[in-house]
file model25.cif (mmCIF, C-alpha atoms (C1' of nucleotides))
data_entry
loop_
_atom_site.label_atom_id
_atom_site.label_comp_id
_atom_site.auth_asym_id
_atom_site.auth_seq_id
_atom_site.Cartn_x
_atom_site.Cartn_y
_atom_site.Cartn_z
CA MET A 1 -15.05 -20.33 14.19
CA ALA A 2 -17.26 -17.89 12.33
CA ARG A 3 -17.38 -19.15 8.74
CA GLY A 4 -19.47 -17.11 6.35
CA PRO A 5 -22.56 -18.14 4.38
CA ARG A 6 -21.94 -21.04 2.00
CA PRO A 7 -20.71 -20.13 -1.45
CA SER A 8 -24.04 -20.65 -3.13
CA GLU A 9 -25.64 -18.11 -0.84
CA ILE A 10 -23.08 -15.40 -1.16
CA HIS A 11 -24.72 -13.64 -4.09
CA ALA A 12 -28.00 -13.48 -2.21
CA GLU A 13 -26.28 -12.08 0.88
CA VAL A 14 -24.41 -9.51 -1.13
CA GLY A 15 -27.49 -8.47 -3.07
CA ARG A 16 -29.40 -8.02 0.17
CA ARG A 17 -26.65 -5.94 1.72
CA LEU A 18 -26.34 -3.73 -1.35
CA ALA A 19 -30.10 -3.29 -1.61
CA THR A 20 -30.31 -1.84 1.88
CA ARG A 21 -27.83 0.80 0.76
CA GLY A 22 -29.70 1.64 -2.44
CA VAL A 23 -26.91 0.10 -4.52
CA ARG A 24 -27.69 -2.18 -7.47
CA TYR A 25 -26.25 -5.65 -7.76
CA THR A 26 -25.49 -5.55 -11.47
CA SER A 27 -24.07 -8.31 -13.60
CA GLY A 28 -20.64 -6.69 -13.61
CA ARG A 29 -20.60 -6.67 -9.84
CA ARG A 30 -21.77 -10.28 -9.71
CA THR A 31 -18.89 -11.17 -11.98
CA VAL A 32 -16.42 -9.49 -9.65
CA ILE A 33 -17.80 -11.22 -6.57
CA GLY A 34 -17.75 -14.52 -8.43
CA ALA A 35 -14.11 -14.06 -9.36
CA LEU A 36 -13.13 -13.17 -5.79
CA GLN A 37 -14.99 -16.23 -4.58
CA ARG A 38 -13.03 -18.53 -6.85
CA VAL A 39 -9.53 -17.57 -5.70
CA SER A 40 -7.62 -17.54 -2.43
CA GLY A 41 -5.74 -14.53 -1.17
CA PRO A 42 -6.11 -10.83 -1.99
CA GLN A 43 -6.22 -10.01 -5.71
CA SER A 44 -5.02 -6.88 -7.46
CA ALA A 45 -7.28 -5.05 -9.90
CA ALA A 46 -5.00 -6.24 -12.69
CA ASP A 47 -5.30 -9.85 -11.51
CA LEU A 48 -9.05 -9.64 -11.56
CA HIS A 49 -9.09 -7.85 -14.90
CA LYS A 50 -7.12 -10.71 -16.42
CA ARG A 51 -9.72 -13.19 -15.20
CA ILE A 52 -12.73 -11.16 -16.25
CA ARG A 53 -11.91 -9.26 -19.39
CA SER A 54 -15.59 -8.40 -19.76
CA VAL A 55 -15.29 -5.76 -17.05
CA PRO A 56 -13.14 -2.78 -18.09
CA LEU A 57 -10.56 -1.61 -15.58
CA SER A 58 -12.28 1.64 -14.72
CA SER A 59 -15.57 -0.13 -14.01
CA LEU A 60 -13.72 -2.76 -12.06
CA TYR A 61 -12.18 -0.12 -9.84
CA ARG A 62 -15.53 1.57 -9.43
CA SER A 63 -17.22 -1.69 -8.44
CA LEU A 64 -14.47 -2.58 -6.02
CA THR A 65 -14.74 0.85 -4.44
CA VAL A 66 -18.49 0.54 -3.97
CA LEU A 67 -18.18 -3.01 -2.67
CA ASP A 68 -15.49 -1.87 -0.26
CA GLU A 69 -17.61 1.01 0.99
CA SER A 70 -20.49 -1.41 1.46
CA GLY A 71 -18.32 -3.69 3.55
CA ILE A 72 -18.46 -6.54 1.05
CA VAL A 73 -14.86 -6.56 -0.03
CA ARG A 74 -11.81 -5.37 1.84
CA ARG A 75 -8.92 -3.45 0.31
CA HIS A 76 -5.33 -4.13 1.35
CA HIS A 77 -2.01 -3.00 -0.05
CA ASP A 78 0.81 -5.43 -0.70
CA ALA A 79 4.51 -4.88 -0.10
CA VAL A 80 4.84 -3.03 -3.41
CA GLY A 81 1.89 -0.76 -2.64
CA LEU A 82 -0.51 -2.37 -5.10
CA ALA A 83 -4.14 -2.43 -3.96
CA ARG A 84 -5.43 -5.96 -3.40
CA PHE A 85 -9.01 -6.97 -2.75
CA GLU A 86 -10.64 -9.91 -1.01
CA LEU A 87 -14.15 -10.75 0.24
CA ALA A 88 -14.90 -9.37 3.70
CA GLU A 89 -14.62 -11.74 6.63
CA TRP A 90 -18.37 -12.02 7.22
CA LEU A 91 -18.47 -13.73 3.81
CA THR A 92 -15.37 -15.90 4.09
CA GLY A 93 -14.80 -16.37 7.81
CA HIS A 94 -12.07 -14.75 9.89
CA HIS A 95 -8.58 -15.60 8.68
CA HIS A 96 -4.98 -14.43 8.52
CA HIS A 97 -2.28 -14.17 5.89
CA VAL A 98 1.07 -15.79 5.29
CA VAL A 99 3.20 -13.59 3.06
CA CYS A 100 6.19 -14.81 1.10
CA ILE A 101 9.05 -12.35 1.57
CA ASP A 102 10.54 -13.32 -1.79
CA CYS A 103 7.71 -13.53 -4.31
CA GLY A 104 5.03 -11.59 -2.45
CA THR A 105 2.39 -14.31 -2.68
CA VAL A 106 -0.26 -14.08 0.01
CA GLU A 107 -2.18 -17.11 1.24
CA ASP A 108 -5.13 -17.32 3.58
CA VAL A 109 -4.79 -19.27 6.83
CA GLU A 110 -7.37 -20.13 9.45
CA LEU A 111 -6.35 -20.65 13.04
CA ASP A 112 -8.03 -22.99 15.47
CA ALA A 113 -10.39 -21.48 18.01
CA ALA A 114 -7.97 -21.76 20.91
CA THR A 115 -5.22 -19.86 19.13
CA GLU A 116 -7.69 -17.28 17.95
CA THR A 117 -8.75 -16.74 21.53
CA VAL A 118 -5.17 -16.14 22.54
CA LEU A 119 -4.78 -13.56 19.79
CA ASP A 120 -7.98 -11.84 20.88
CA THR A 121 -6.60 -11.53 24.36
CA VAL A 122 -3.32 -10.12 23.13
CA ALA A 123 -5.07 -7.70 20.82
CA ALA A 124 -7.34 -6.52 23.60
CA SER A 125 -4.45 -5.81 25.93
CA VAL A 126 -2.50 -4.02 23.19
CA ALA A 127 -5.47 -1.87 22.28
CA GLY A 128 -6.17 -1.16 25.94
CA SER A 129 -2.64 -0.09 26.80
CA ALA A 130 -2.58 2.23 23.78
CA GLY A 131 -5.92 3.75 24.73
CA TYR A 132 -7.71 2.33 21.71
CA GLU A 133 -11.16 0.82 21.55
CA LEU A 134 -10.52 -2.62 20.06
CA GLY A 135 -11.79 -3.18 16.55
CA GLY A 136 -10.06 -6.27 15.26
CA HIS A 137 -6.65 -7.71 14.60
CA VAL A 138 -4.53 -8.86 11.73
CA LEU A 139 -1.69 -11.30 12.15
CA GLU A 140 0.63 -11.38 9.20
CA VAL A 141 3.15 -14.15 9.22
CA GLU A 142 6.12 -13.54 6.97
CA GLY A 143 8.27 -16.29 5.57
CA VAL A 144 9.59 -17.94 2.48
CA CYS A 145 7.17 -20.13 0.53
CA SER A 146 8.10 -23.59 -0.67
CA SER A 147 8.56 -22.59 -4.31
CA CYS A 148 10.95 -19.80 -3.40
CA ARG A 149 12.87 -22.10 -1.06
CA VAL A 150 13.87 -24.54 -3.81
CA MET B 1 13.27 -7.79 24.64
CA ALA B 2 15.68 -6.93 21.84
CA ARG B 3 16.01 -3.15 21.93
CA GLY B 4 18.32 -1.61 19.36
CA PRO B 5 21.49 0.45 19.90
CA ARG B 6 20.94 3.62 21.87
CA PRO B 7 19.94 6.71 19.87
CA SER B 8 23.38 8.27 20.03
CA GLU B 9 24.90 5.22 18.41
CA ILE B 10 22.46 4.81 15.59
CA HIS B 11 24.37 6.93 13.09
CA ALA B 12 27.52 4.92 13.70
CA GLU B 13 25.64 1.64 13.26
CA VAL B 14 23.98 2.85 10.09
CA GLY B 15 27.23 4.20 8.67
CA ARG B 16 28.92 0.89 9.34
CA ARG B 17 26.17 -1.10 7.69
CA LEU B 18 26.12 1.15 4.65
CA ALA B 19 29.91 1.05 4.34
CA THR B 20 29.93 -2.72 4.05
CA ARG B 21 27.65 -2.35 1.07
CA GLY B 22 29.73 0.34 -0.59
CA VAL B 23 27.04 2.91 0.06
CA ARG B 24 27.91 6.38 1.35
CA TYR B 25 26.37 7.82 4.47
CA THR B 26 25.87 11.34 3.18
CA SER B 27 24.51 14.32 5.05
CA GLY B 28 21.15 13.98 3.32
CA ARG B 29 20.87 10.41 4.51
CA ARG B 30 21.91 11.38 8.02
CA THR B 31 19.16 13.94 8.01
CA VAL B 32 16.60 11.34 7.00
CA ILE B 33 17.70 8.88 9.67
CA GLY B 34 17.66 11.68 12.22
CA ALA B 35 14.11 12.60 11.31
CA LEU B 36 12.93 9.00 11.52
CA GLN B 37 14.59 8.73 14.88
CA ARG B 38 12.71 11.69 16.27
CA VAL B 39 9.17 10.48 15.52
CA SER B 40 7.06 7.46 16.42
CA GLY B 41 5.22 5.41 13.84
CA PRO B 42 5.76 5.03 10.09
CA GLN B 43 6.14 8.29 8.17
CA SER B 44 5.18 9.04 4.57
CA ALA B 45 7.67 10.67 2.22
CA ALA B 46 5.53 13.80 2.35
CA ASP B 47 5.61 13.79 6.18
CA LEU B 48 9.39 13.57 6.16
CA HIS B 49 9.71 16.18 3.45
CA LYS B 50 7.75 18.62 5.56
CA ARG B 51 10.18 18.09 8.44
CA ILE B 52 13.31 18.30 6.35
CA ARG B 53 12.80 20.76 3.54
CA SER B 54 16.51 20.62 2.79
CA VAL B 55 16.09 17.25 1.12
CA PRO B 56 14.14 17.41 -2.14
CA LEU B 57 11.44 14.81 -2.63
CA SER B 58 13.19 12.88 -5.35
CA SER B 59 16.37 12.58 -3.30
CA LEU B 60 14.30 11.66 -0.28
CA TYR B 61 12.70 8.80 -2.20
CA ARG B 62 16.07 7.71 -3.48
CA SER B 63 17.58 7.70 0.00
CA LEU B 64 14.64 5.82 1.45
CA THR B 65 14.92 3.24 -1.30
CA VAL B 66 18.61 2.69 -0.66
CA LEU B 67 18.10 2.58 3.09
CA ASP B 68 15.31 0.09 2.62
CA GLU B 69 17.44 -2.11 0.40
CA SER B 70 20.19 -1.95 2.98
CA GLY B 71 17.80 -3.10 5.69
CA ILE B 72 18.02 0.16 7.61
CA VAL B 73 14.50 1.38 7.11
CA ARG B 74 11.38 -0.61 6.39
CA ARG B 75 8.66 0.39 3.94
CA HIS B 76 4.99 -0.17 4.74
CA HIS B 77 1.81 0.96 3.05
CA ASP B 78 -1.06 2.49 4.98
CA ALA B 79 -4.77 1.92 4.39
CA VAL B 80 -4.80 4.51 1.61
CA GLY B 81 -1.83 2.91 -0.13
CA LEU B 82 0.67 5.61 0.79
CA ALA B 83 4.22 4.37 1.42
CA ARG B 84 5.33 4.88 4.99
CA PHE B 85 8.84 4.39 6.35
CA GLU B 86 10.26 3.57 9.76
CA LEU B 87 13.63 2.48 11.13
CA ALA B 88 14.20 -1.28 10.93
CA GLU B 89 13.66 -3.31 14.07
CA TRP B 90 17.34 -3.97 14.73
CA LEU B 91 17.60 -0.20 15.31
CA THR B 92 14.42 0.36 17.28
CA GLY B 93 13.61 -3.00 18.83
CA HIS B 94 10.81 -5.35 17.79
CA HIS B 95 7.38 -3.78 18.02
CA HIS B 96 3.85 -3.85 16.66
CA HIS B 97 1.34 -1.30 15.43
CA VAL B 98 -2.03 -0.10 16.61
CA VAL B 99 -3.94 1.44 13.73
CA CYS B 100 -6.87 3.82 14.14
CA ILE B 101 -9.65 2.75 11.79
CA ASP B 102 -10.94 6.30 11.62
CA CYS B 103 -7.99 8.63 11.20
CA GLY B 104 -5.35 6.14 10.07
CA THR B 105 -2.81 7.08 12.71
CA VAL B 106 -0.32 4.34 13.46
CA GLU B 107 1.40 4.01 16.84
CA ASP B 108 4.19 1.72 17.91
CA VAL B 109 3.57 -0.74 20.71
CA GLU B 110 5.96 -3.09 22.48
CA LEU B 111 4.70 -6.29 24.03
CA ASP B 112 6.13 -7.96 27.10
CA ALA B 113 8.39 -10.95 26.55
CA ALA B 114 5.77 -13.52 27.58
CA THR B 115 3.24 -12.27 25.06
CA GLU B 116 5.87 -12.05 22.39
CA THR B 117 6.75 -15.67 23.02
CA VAL B 118 3.14 -16.64 22.54
CA LEU B 119 3.03 -14.80 19.23
CA ASP B 120 6.21 -16.49 18.12
CA THR B 121 4.67 -19.85 18.78
CA VAL B 122 1.52 -18.97 16.88
CA ALA B 123 3.51 -17.58 13.96
CA ALA B 124 5.67 -20.69 13.83
CA SER B 125 2.68 -22.99 13.69
CA VAL B 126 0.97 -20.85 11.05
CA ALA B 127 4.09 -20.77 8.88
CA GLY B 128 4.60 -24.46 9.35
CA SER B 129 1.09 -25.49 8.39
CA ALA B 130 1.31 -23.32 5.27
CA GLY B 131 4.65 -24.83 4.31
CA TYR B 132 6.56 -21.60 4.86
CA GLU B 133 9.94 -21.11 6.44
CA LEU B 134 9.23 -18.63 9.22
CA GLY B 135 10.68 -15.17 8.77
CA GLY B 136 8.87 -12.92 11.22
CA HIS B 137 5.45 -11.73 12.20
CA VAL B 138 3.43 -8.56 12.29
CA LEU B 139 0.48 -8.11 14.57
CA GLU B 140 -1.66 -5.17 13.65
CA VAL B 141 -4.29 -4.24 16.13
CA GLU B 142 -7.09 -2.16 14.70
CA GLY B 143 -9.25 0.10 16.80
CA VAL B 144 -10.44 3.62 17.37
CA CYS B 145 -7.99 6.01 18.97
CA SER B 146 -8.97 8.25 21.86
CA SER B 147 -9.17 11.45 19.79
CA CYS B 148 -11.52 9.84 17.29
CA ARG B 149 -13.64 8.41 20.06
CA VAL B 150 -14.56 11.82 21.52
"C1'" DT C 1 -39.35 7.63 -16.03
"C1'" DT C 2 -35.62 8.09 -12.74
"C1'" DC C 3 -31.35 7.26 -11.11
"C1'" DC C 4 -27.63 4.32 -10.79
"C1'" DT C 5 -24.07 2.29 -13.56
"C1'" DT C 6 -20.99 1.76 -17.46
"C1'" DG C 7 -17.21 2.89 -20.93
"C1'" DC C 8 -14.12 5.56 -22.83
"C1'" DA C 9 -10.74 8.91 -22.59
"C1'" DA C 10 -8.57 12.35 -20.00
"C1'" DA C 11 -6.84 13.71 -15.49
"C1'" DC C 12 -4.32 12.72 -11.09
"C1'" DG C 13 -0.82 12.05 -7.89
"C1'" DA C 14 2.64 9.28 -5.70
"C1'" DT C 15 6.88 7.45 -7.02
"C1'" DT C 16 10.64 6.79 -10.39
"C1'" DT C 17 14.14 8.02 -13.69
"C1'" DG C 18 17.49 10.58 -17.22
"C1'" DC C 19 21.09 13.47 -17.20
"C1'" DA C 20 24.32 16.86 -16.00
"C1'" DT C 21 26.50 18.42 -11.67
"C1'" DT C 22 28.28 17.96 -7.04
"C1'" DG C 23 30.50 15.79 -3.25
"C1'" DG C 24 32.41 12.11 -0.22
"C1'" DA C 25 36.18 8.65 0.78
"C1'" DT D 1 40.75 11.15 -8.33
"C1'" DC D 2 36.54 8.47 -9.15
"C1'" DC D 3 32.33 6.85 -8.65
"C1'" DA D 4 28.26 7.40 -5.89
"C1'" DA D 5 24.80 10.86 -4.78
"C1'" DT D 6 22.05 14.93 -5.83
"C1'" DG D 7 18.58 18.11 -8.14
"C1'" DC D 8 15.70 19.31 -11.36
"C1'" DA D 9 12.44 18.22 -14.75
"C1'" DA D 10 10.19 14.83 -17.37
"C1'" DA D 11 8.27 10.27 -17.46
"C1'" DT D 12 5.63 6.26 -15.21
"C1'" DC D 13 1.76 3.89 -13.87
"C1'" DG D 14 -1.87 2.52 -10.73
"C1'" DT D 15 -6.07 4.66 -9.79
"C1'" DT D 16 -9.70 8.18 -10.21
"C1'" DT D 17 -12.97 11.08 -12.64
"C1'" DG D 18 -15.98 13.79 -16.32
"C1'" DC D 19 -19.36 13.05 -19.31
"C1'" DA D 20 -22.56 10.96 -22.40
"C1'" DA D 21 -24.92 6.53 -23.20
"C1'" DG D 22 -27.06 2.28 -21.31
"C1'" DG D 23 -29.80 -0.39 -17.90
"C1'" DA D 24 -32.41 -1.77 -13.70
"C1'" DA D 25 -36.43 -0.83 -10.69
#

call {"tool": "encode", "arguments": {"input": "model25.cif", "output": "structure tokens"}}
result
Amino acid sequence: MARGPRPSEIHAEVGRRLATRGVRYTSGRRTVIGALQRVSGPQSAADLHKRIRSVPLSSLYRSLTVLDESGIVRRHHDAVGLARFELAEWLTGHHHHVVCIDCGTVEDVELDAATETVLDTVAASVAGSAGYELGGHVLEVEGVCSSCRV
Amino acid sequence: MARGPRPSEIHAEVGRRLATRGVRYTSGRRTVIGALQRVSGPQSAADLHKRIRSVPLSSLYRSLTVLDESGIVRRHHDAVGLARFELAEWLTGHHHHVVCIDCGTVEDVELDAATETVLDTVAASVAGSAGYELGGHVLEVEGVCSSCRV
DNA sequence: TTCCTTGCAAACGATTTGCATTGGA
DNA sequence: TCCAATGCAAATCGTTTGCAAGGAA
């Protein structure tokens, strides 16, 4: 399975990628990447802001936007419509999400190669029959997490 | 595959479901359900409002909220974060989405029973290994639609 | 020096809500 | 009749943006 660069190399990778686009890898942006690296699952701007009070919200949003446009982070939207950000798959490895229907928590999950192959096949046939050129796939498994099941 | 009631029976089904919750099936709500029935893929409030000018936006949102809470429509959020609504699966049958990475269009796709079984198995194992009680699954296939590929 | 980036405050826009009125069972 | 539903306008709130100051190459 395609895991990304190891954690210690992520900053270098990101810096390189930004450089080729004429974008600076400033300390604020490093802080954001660092925070995303330390957690699991997509984070809202508010979540991140709580962890890194040094970066004001507006700058945080601006950084996340640039990082998204540069393919370094990926923006999702949770069930409530809140924007949530996570490192792109080339940095973390391909993975899927398990979403708790009750509390909304999202956790990352990696599938074994065999299963992933099956999904690829399914995705390809779906894309084909709809006349789409396949780009990727996202499997979201919904359920009730252990804390909500108590 | 579990298809829902036929189109002509949907209003009756919806009315029945709402009644058990002490919610009225008013003409405005009928209009909304009718509009959702006529299109394919999740619609934004603005989309719906364009089709049914008779229902003011605020009422539209209120109806969609009630219908969502009653399990009659389901709310999603597209790549831009806009809320999009579609009839619940017990009314339309279980299906998945193909999303165009370029224009954001979302189309419904139904898989054959065999493939669906495979997905169920995958979803169950994912939920299990994450300690979740399985609720359902969503496969989103991303690609480039034919019009964007020109 | 030259742009890109940052901070703050103000602006935006989708969605929600208060309140008086209307309408369905 | 009686309470839920509606419409309008005002309020929310996550997110974006203008502009002047700060910082990296």

call {"tool": "closest_atom_pairs", "arguments": {"input": "model25.cif", "of": "chain D", "to": "chain A", "cutoff": "10 Å", "atoms": "only C-alpha atoms (C1' of nucleotides)", "output": "tab-separated table"}}
result
residue	atom	partner	partner_atom	distance
D:DG14	C1'	A:Leu82	CA	7.6
D:DT15	C1'	A:Tyr61	CA	7.8
D:DT16	C1'	A:Ser58	CA	8.4
D:DT17	C1'	A:Ser58	CA	9.7
D:DG23	C1'	A:Thr26	CA	9.3
D:DA24	C1'	A:Arg24	CA	7.8
D:DA25	C1'	A:Arg24	CA	9.4

call {"tool": "write_last_selection", "arguments": {"input": "model25.cif", "atoms": "C-alpha atoms (C1' of nucleotides)", "output": "mmCIF file, keeping the file's coordinate frame"}}
result
data_model
loop_
_atom_site.group_PDB
_atom_site.id
_atom_site.type_symbol
_atom_site.label_atom_id
_atom_site.label_comp_id
_atom_site.auth_asym_id
_atom_site.auth_seq_id
_atom_site.Cartn_x
_atom_site.Cartn_y
_atom_site.Cartn_z
ATOM 1 C "C1'" DG D 14 -1.870 2.520 -10.730
ATOM 2 C "C1'" DT D 15 -6.070 4.660 -9.790
ATOM 3 C "C1'" DT D 16 -9.700 8.180 -10.210
ATOM 4 C "C1'" DT D 17 -12.970 11.080 -12.640
ATOM 5 C "C1'" DG D 23 -29.800 -0.390 -17.900
ATOM 6 C "C1'" DA D 24 -32.410 -1.770 -13.700
ATOM 7 C "C1'" DA D 25 -36.430 -0.830 -10.690
#

call {"tool": "interface_residues", "arguments": {"input": "model25.cif", "of": "chain B", "to": "chain A", "cutoff": "10 Å", "atoms": "all atoms listed in the file", "output": "ChimeraX atom specification"}}
result
/B:75-83,96-101,107-111,115-116,118-149

call {"tool": "interface_residues", "arguments": {"input": "model25.cif", "of": "chain C", "to": "chain A", "cutoff": "9 Å", "atoms": "all atoms listed in the file", "output": "list in words"}}
result
DC4, DT5, DT6 and DG7 of chain C

call {"tool": "axis_aligned_box", "arguments": {"input": "model25.cif", "around": "segment 2-21 of chain C", "padding_each_side": "8 Å", "output": "AutoDock Vina command-line options"}}
result
--center_x -4.6 --center_y 10.1 --center_z -14.3 --size_x 78.1 --size_y 32.7 --size_z 33.1

call {"tool": "calpha_fit_and_write", "arguments": {"input": "model25.cif", "fixed": "chain A", "moving": "chain B", "output": "compact mmCIF listing (two decimals) with C-alpha atoms, in the coordinates of the input"}}
result
# COMPACT_ATOMS: atom_id res chain seq x y z
CA MET B 1 -14.98 -20.46 14.13
CA ALA B 2 -17.19 -17.97 12.31
CA ARG B 3 -17.35 -19.21 8.72
CA GLY B 4 -19.44 -17.16 6.33
CA PRO B 5 -22.54 -18.19 4.35
CA ARG B 6 -21.95 -21.06 1.97
CA PRO B 7 -20.69 -20.15 -1.52
CA SER B 8 -24.06 -20.65 -3.16
CA GLU B 9 -25.63 -18.11 -0.85
CA ILE B 10 -23.06 -15.40 -1.18
CA HIS B 11 -24.73 -13.61 -4.07
CA ALA B 12 -28.00 -13.45 -2.17
CA GLU B 13 -26.26 -12.09 0.93
CA VAL B 14 -24.37 -9.51 -1.09
CA GLY B 15 -27.47 -8.45 -3.01
CA ARG B 16 -29.35 -8.01 0.24
CA ARG B 17 -26.61 -5.93 1.79
CA LEU B 18 -26.29 -3.73 -1.27
CA ALA B 19 -30.05 -3.27 -1.51
CA THR B 20 -30.24 -1.83 1.99
CA ARG B 21 -27.78 0.81 0.86
CA GLY B 22 -29.64 1.63 -2.33
CA VAL B 23 -26.87 0.12 -4.41
CA ARG B 24 -27.64 -2.14 -7.36
CA TYR B 25 -26.21 -5.61 -7.68
CA THR B 26 -25.48 -5.49 -11.39
CA SER B 27 -24.08 -8.24 -13.56
CA GLY B 28 -20.65 -6.62 -13.56
CA ARG B 29 -20.61 -6.66 -9.79
CA ARG B 30 -21.79 -10.25 -9.70
CA THR B 31 -18.93 -11.14 -11.97
CA VAL B 32 -16.44 -9.47 -9.65
CA ILE B 33 -17.80 -11.21 -6.56
CA GLY B 34 -17.77 -14.50 -8.44
CA ALA B 35 -14.13 -14.05 -9.37
CA LEU B 36 -13.14 -13.18 -5.81
CA GLN B 37 -14.99 -16.23 -4.63
CA ARG B 38 -13.05 -18.54 -6.90
CA VAL B 39 -9.54 -17.58 -5.76
CA SER B 40 -7.62 -17.59 -2.49
CA GLY B 41 -5.74 -14.57 -1.22
CA PRO B 42 -6.09 -10.87 -2.04
CA GLN B 43 -6.21 -10.04 -5.75
CA SER B 44 -5.02 -6.88 -7.50
CA ALA B 45 -7.30 -5.06 -9.92
CA ALA B 46 -5.03 -6.23 -12.73
CA ASP B 47 -5.32 -9.86 -11.55
CA LEU B 48 -9.10 -9.63 -11.58
CA HIS B 49 -9.15 -7.85 -14.91
CA LYS B 50 -7.19 -10.68 -16.46
CA ARG B 51 -9.80 -13.16 -15.22
CA ILE B 52 -12.80 -11.13 -16.26
CA ARG B 53 -12.02 -9.23 -19.42
CA SER B 54 -15.68 -8.34 -19.75
CA VAL B 55 -15.33 -5.73 -17.03
CA PRO B 56 -13.20 -2.75 -18.06
CA LEU B 57 -10.60 -1.58 -15.57
CA SER B 58 -12.29 1.66 -14.68
CA SER B 59 -15.59 -0.07 -13.96
CA LEU B 60 -13.73 -2.74 -12.04
CA TYR B 61 -12.17 -0.09 -9.81
CA ARG B 62 -15.51 1.59 -9.37
CA SER B 63 -17.21 -1.66 -8.39
CA LEU B 64 -14.44 -2.57 -5.98
CA THR B 65 -14.69 0.85 -4.39
CA VAL B 66 -18.43 0.55 -3.90
CA LEU B 67 -18.13 -2.99 -2.61
CA ASP B 68 -15.44 -1.88 -0.22
CA GLU B 69 -17.55 0.98 1.06
CA SER B 70 -20.43 -1.41 1.53
CA GLY B 71 -18.24 -3.72 3.60
CA ILE B 72 -18.42 -6.55 1.07
CA VAL B 73 -14.82 -6.58 -0.02
CA ARG B 74 -11.76 -5.40 1.84
CA ARG B 75 -8.87 -3.48 0.31
CA HIS B 76 -5.28 -4.21 1.31
CA HIS B 77 -1.96 -3.07 -0.08
CA ASP B 78 0.87 -5.48 -0.77
CA ALA B 79 4.57 -4.89 -0.18
CA VAL B 80 4.88 -3.05 -3.49
CA GLY B 81 1.94 -0.79 -2.69
CA LEU B 82 -0.48 -2.40 -5.12
CA ALA B 83 -4.11 -2.48 -3.97
CA ARG B 84 -5.39 -5.99 -3.43
CA PHE B 85 -8.99 -7.00 -2.77
CA GLU B 86 -10.63 -9.93 -1.03
CA LEU B 87 -14.12 -10.77 0.22
CA ALA B 88 -14.86 -9.40 3.69
CA GLU B 89 -14.58 -11.78 6.62
CA TRP B 90 -18.32 -12.06 7.22
CA LEU B 91 -18.44 -13.77 3.80
CA THR B 92 -15.34 -15.93 4.06
CA GLY B 93 -14.78 -16.40 7.78
CA HIS B 94 -12.04 -14.79 9.87
CA HIS B 95 -8.56 -15.62 8.66
CA HIS B 96 -4.97 -14.44 8.53
CA HIS B 97 -2.28 -14.16 5.88
CA VAL B 98 1.08 -15.77 5.31
CA VAL B 99 3.21 -13.58 3.08
CA CYS B 100 6.22 -14.82 1.13
CA ILE B 101 9.08 -12.36 1.60
CA ASP B 102 10.54 -13.34 -1.75
CA CYS B 103 7.73 -13.55 -4.27
CA GLY B 104 5.04 -11.61 -2.41
CA THR B 105 2.41 -14.31 -2.66
CA VAL B 106 -0.25 -14.09 0.02
CA GLU B 107 -2.16 -17.13 1.26
CA ASP B 108 -5.11 -17.34 3.60
CA VAL B 109 -4.76 -19.26 6.83
CA GLU B 110 -7.35 -20.13 9.45
CA LEU B 111 -6.33 -20.66 13.05
CA ASP B 112 -8.01 -23.01 15.49
CA ALA B 113 -10.37 -21.48 18.02
CA ALA B 114 -7.93 -21.77 20.94
CA THR B 115 -5.21 -19.85 19.13
CA GLU B 116 -7.68 -17.28 17.95
CA THR B 117 -8.76 -16.73 21.52
CA VAL B 118 -5.18 -16.11 22.52
CA LEU B 119 -4.80 -13.54 19.77
CA ASP B 120 -8.00 -11.84 20.84
CA THR B 121 -6.65 -11.49 24.32
CA VAL B 122 -3.37 -10.07 23.10
CA ALA B 123 -5.13 -7.65 20.76
CA ALA B 124 -7.42 -6.49 23.55
CA SER B 125 -4.54 -5.76 25.87
CA VAL B 126 -2.59 -3.97 23.14
CA ALA B 127 -5.58 -1.82 22.20
CA GLY B 128 -6.28 -1.11 25.82
CA SER B 129 -2.78 -0.01 26.72
CA ALA B 130 -2.73 2.30 23.69
CA GLY B 131 -6.08 3.80 24.63
CA TYR B 132 -7.86 2.35 21.61
CA GLU B 133 -11.29 0.83 21.42
CA LEU B 134 -10.62 -2.61 19.96
CA GLY B 135 -11.88 -3.19 16.44
CA GLY B 136 -10.10 -6.28 15.17
CA HIS B 137 -6.69 -7.71 14.55
CA VAL B 138 -4.53 -8.85 11.69
CA LEU B 139 -1.69 -11.27 12.14
CA GLU B 140 0.63 -11.38 9.20
CA VAL B 141 3.16 -14.13 9.24
CA GLU B 142 6.13 -13.51 6.99
CA GLY B 143 8.28 -16.29 5.62
CA VAL B 144 9.60 -17.96 2.53
CA CYS B 145 7.18 -20.13 0.60
CA SER B 146 8.10 -23.60 -0.59
CA SER B 147 8.57 -22.63 -4.25
CA CYS B 148 10.97 -19.85 -3.34
CA ARG B 149 12.87 -22.12 -1.00
CA VAL B 150 13.87 -24.59 -3.74

call {"tool": "residues_around", "arguments": {"input": "model25.cif", "residues": "DG23 of chain C", "least_positions_apart": "5", "cutoff": "10 Å", "atoms": "only C-alpha atoms (C1' of nucleotides)", "output": "MDAnalysis selection string"}}
result
(chainID B and resid 26) or (chainID D and resid 4:6)

call {"tool": "write_last_selection", "arguments": {"input": "model25.cif", "atoms": "C-alpha atoms (C1' of nucleotides)", "output": "PDB file, in the frame of the given file"}}
result
ATOM      1  CA  THR B  26      25.870  11.340   3.180  1.00  0.00           C
TER       2      THR B  26
ATOM      3  C1'  DA D   4      28.260   7.400  -5.890  1.00  0.00           C
ATOM      4  C1'  DA D   5      24.800  10.860  -4.780  1.00  0.00           C
ATOM      5  C1'  DT D   6      22.050  14.930  -5.830  1.00  0.00           C
TER       6       DT D   6
END

call {"tool": "atom_distance", "arguments": {"input": "model25.cif", "atom1": "atom CA of Lys50 of chain A", "atom2": "atom CA of Leu67 of chain A"}}
result
19.3 Å
